[in-house]
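Q: Attaching a single structure in structure tokens format; questions to follow.
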Amino acid sequence: MTPDPQSHPRLAPGCRLGENNQQRVLLMPERALRLNGPSLEIVQRCDGKHTVQQIITDLQQIYSKAEPKKVETDILGYLTLLHDQRALDFDA
Amino acid sequence: MISAPTNPLAIIAELTHRCPLHCVYCSNPVELQSRANELDTQTWSRVFREAAELGVLQADFTGGEPLARTDIVDLVRAARTAGLYINLITSGLPLDEARLDALLGAGLDHLQLSFQGAREEIAAEISGTKSHAQKLRVLQWLKSRRIAVTLNFVIHRSNIDQIEEMLALAEFSSATRVEFANVQYYGWAFANRERLLPTRAQLDRSIAILKSAQERLRGKIRVEYVVPDYYAKYPKPCMGGWGRKLMLITPTGDALPCHAAQIIPGLHFENVKHRGLREIWENSAAFQKFRGQAWMQEPCKTCDRREQDFGGCRCQALLLAGDASATDPVCSLAPTRGKVDAILAAVNKPSAAEPSLTTPAWLYRPNPA
């Protein structure tokens with residue numbers, strides 16, 4: 001499924017940001033995901049307040065040298081991955 | 001001296017061997033430790049701080065039944081304060097709503113509820129206890145609280161045909177993850193393996209159901225499964241490799257590279273009461289013993305897969321091949337694979353599907369003092 005641009009992604013219960021040896025990680029049941037640059041920028045905005053569209057706009061500004069369409073595609077792909085991992089819920 | 005490749009990612013804290021269940025496949029050692037010998041709250045709290053300093057991300061609170069510890073809420077708080085992510089692996093029996101709320105208040109991140117089946121009868125036979133109705137109550141309490149929930153079904157010949165019902169139970173709950181873990185054959189399960197191993201036909205059917213469930217439930221529930229490695233072509237990378245990712249602390253404080261390591265003769269285990277966690281991880285003889293590749297025999301030594309499965313499971317090599325340094329006998333390349341094939345042949349005889357009157361009775365795990 002592709003996330004609705006107007007929905008508000010929020011970390012699922014039992015999923016939170018952590019840190020280990022100066023490396024930010026997304027902690028979830030029985031696993032952890034390393035977060036670097038863009039993935040950290042995305043996950044920090046999955047707070048139930050930003051819409052998917054706002055996250056895309058923010059990252060297009062931060063990574064202004066990248067092709068905007070590619071930034072959008074990458075973000076939608078990453079949010080879908082997190083959702084399939086059950087690390088993310090989409091609030092209306 | 002083989003240097004530790006990295007820091008451990010998780011510690012498995014076996015808080016106690018006490019348990020209201022008596023499961024015939026329990027992963028605890030056959031020699032159970034009594035309450036009097038268990039580590040106290042302060043020692044565990046220090047272990048959690050040392051673990052976080054070592055770079056450990058997660059703690060698995062298990063047992064026995066971790067809720068048998070009267071200080072469980074304090075232990076959760078101590079581990080969370082130290083900076084760890086806390087998984088509680090429980091039967092759900094010694095739980096009520098007030099205790100659940102206290103655990104959540106202390107910072108519990110994830111609760112894994114173990115099931116012995118989808119129905120009371122088989123669950124009671126396997127665990128030697130009536131427990132299923134309480135587990136269903138726990139599922140209801142979890143529905144109204146914000147916490148990650150995993151249902152864990154331990155799979156074997158008597159319940160593998162109920163997987164659809166188990167999936168239905170998961171869908172009815174608030175779980176975002178469900179694990180179907182085939183029994184692994186050590187300790188109590190090794191003693192009972194002839195009644196626990198599924199047949200090839202049962203296994204194939206279950207895998208087809210689970211693969212289709214993974215597709216159907218994508219985005220709702222993560223469906224994970226572990227097949228019995230006797231049926232695999234290559235061994236599992238046991239514990240992610242010896243001394244590479246995980247550290248297990250027994251109720252009395254011994255630090256082990258895996259659940260069953262105490263069965264391997266000649267290994268001496270350091271105790272957290274006397275040594276720091278980092279020193280044990282980096283320098284202890286037991287963690288060094290099968291780290292890296294120097295200990296490997298052929299065919300592992302020159303095998304292309306040696307960085308993938310690390311030679312498989314040392315305890316299984318000991319149990320089946322009589323040598324903890326041998327290639328895991330479940331590997332199709334192992335010279336001792338014939339022993340596994342003989343066990344499978346016995347399980348898959350047409351007459352073996354139903355236990356007969358002459359089948360030996362279950363050997364139940366007792367409760368320690």
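How things are named: the first chain in the structure tokens is A, the next is B, and so on; residues count from 1 in each chain; ligands count from 1 in the order shown.
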Pull the strand (DSSP E or B) assignments for stretch 204-349 of chain B out of DSSP run on the backbone, and list those residues as an MDAnalysis selection string.

A: chainID B and resid 222:226 246:249 254:256 271

Q: Using C-alpha atoms, can you write the selected residues to a file as a PDB file, in the first residue's frame?

A:
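Result file is selection.pdb:
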```
ATOM      1  CA  ARG B 222       4.327  -9.390  11.053  1.00  0.00           C
ATOM      2  CA  VAL B 223       4.259 -13.175  10.716  1.00  0.00           C
ATOM      3  CA  GLU B 224       7.571 -14.875  11.506  1.00  0.00           C
ATOM      4  CA  TYR B 225       8.406 -18.547  11.679  1.00  0.00           C
ATOM      5  CA  VAL B 226      11.307 -20.836  12.476  1.00  0.00           C
ATOM      6  CA  LEU B 246      23.979 -12.235  22.223  1.00  0.00           C
ATOM      7  CA  MET B 247      24.778 -12.912  25.819  1.00  0.00           C
ATOM      8  CA  LEU B 248      22.625 -14.963  28.171  1.00  0.00           C
ATOM      9  CA  ILE B 249      22.711 -14.522  31.938  1.00  0.00           C
ATOM     10  CA  ASP B 254      26.556 -17.276  34.849  1.00  0.00           C
ATOM     11  CA  ALA B 255      27.170 -15.576  31.481  1.00  0.00           C
ATOM     12  CA  LEU B 256      26.591 -17.973  28.573  1.00  0.00           C
ATOM     13  CA  ASN B 271      29.712 -15.168  36.771  1.00  0.00           C
TER      14      ASN B 271
END
```

Q: Can you list every residue of chain A that has an atom at most 7 Å from chain B, with its nearest atom pair and the distance in Å to one decimal, using only C-alpha atoms, ordered by chain then number, as a Markdown table?

A:
```
| residue | atom | partner | partner_atom | distance |
| --- | --- | --- | --- | --- |
| A:Pro13 | CA | B:Ile147 | CA | 4.9 |
| A:Gly14 | CA | B:Ala148 | CA | 4.5 |
| A:Asn20 | CA | B:Gly55 | CA | 5.8 |
| A:Asn21 | CA | B:Gly55 | CA | 6.5 |
| A:Pro29 | CA | B:His110 | CA | 6.1 |
| A:His83 | CA | B:Gly219 | CA | 5.6 |
| A:Asp84 | CA | B:Gly219 | CA | 4.3 |
| A:Gln85 | CA | B:Arg222 | CA | 6.5 |
| A:Arg86 | CA | B:Thr176 | CA | 6.2 |
```

Q: Do a neighbour search on B:Gln42 at 10 Å with only C-alpha atoms, toss out local chain neighbours closer than 3 positions, and write the hits as a ChimeraX atom specification.

A: /B:39,45-48,74-75,78

Q: Given only C-alpha atoms as the basis, pick out the residue of A:Pro3, A:Thr51, A:Leu76, A:Val43 nearest to A:Cys15.

A: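 Comparing A:Pro3, A:Thr51, A:Leu76, A:Val43 against A:Cys15, the winner is A:Val43.
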
Q: Pick from A:Glu30, A:Asp89, A:Ala66, A:Gln23: nearest to B:Phe61, with only C-alpha atoms counted?

A: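 That would be A:Glu30, the residue with the smallest distance to B:Phe61.
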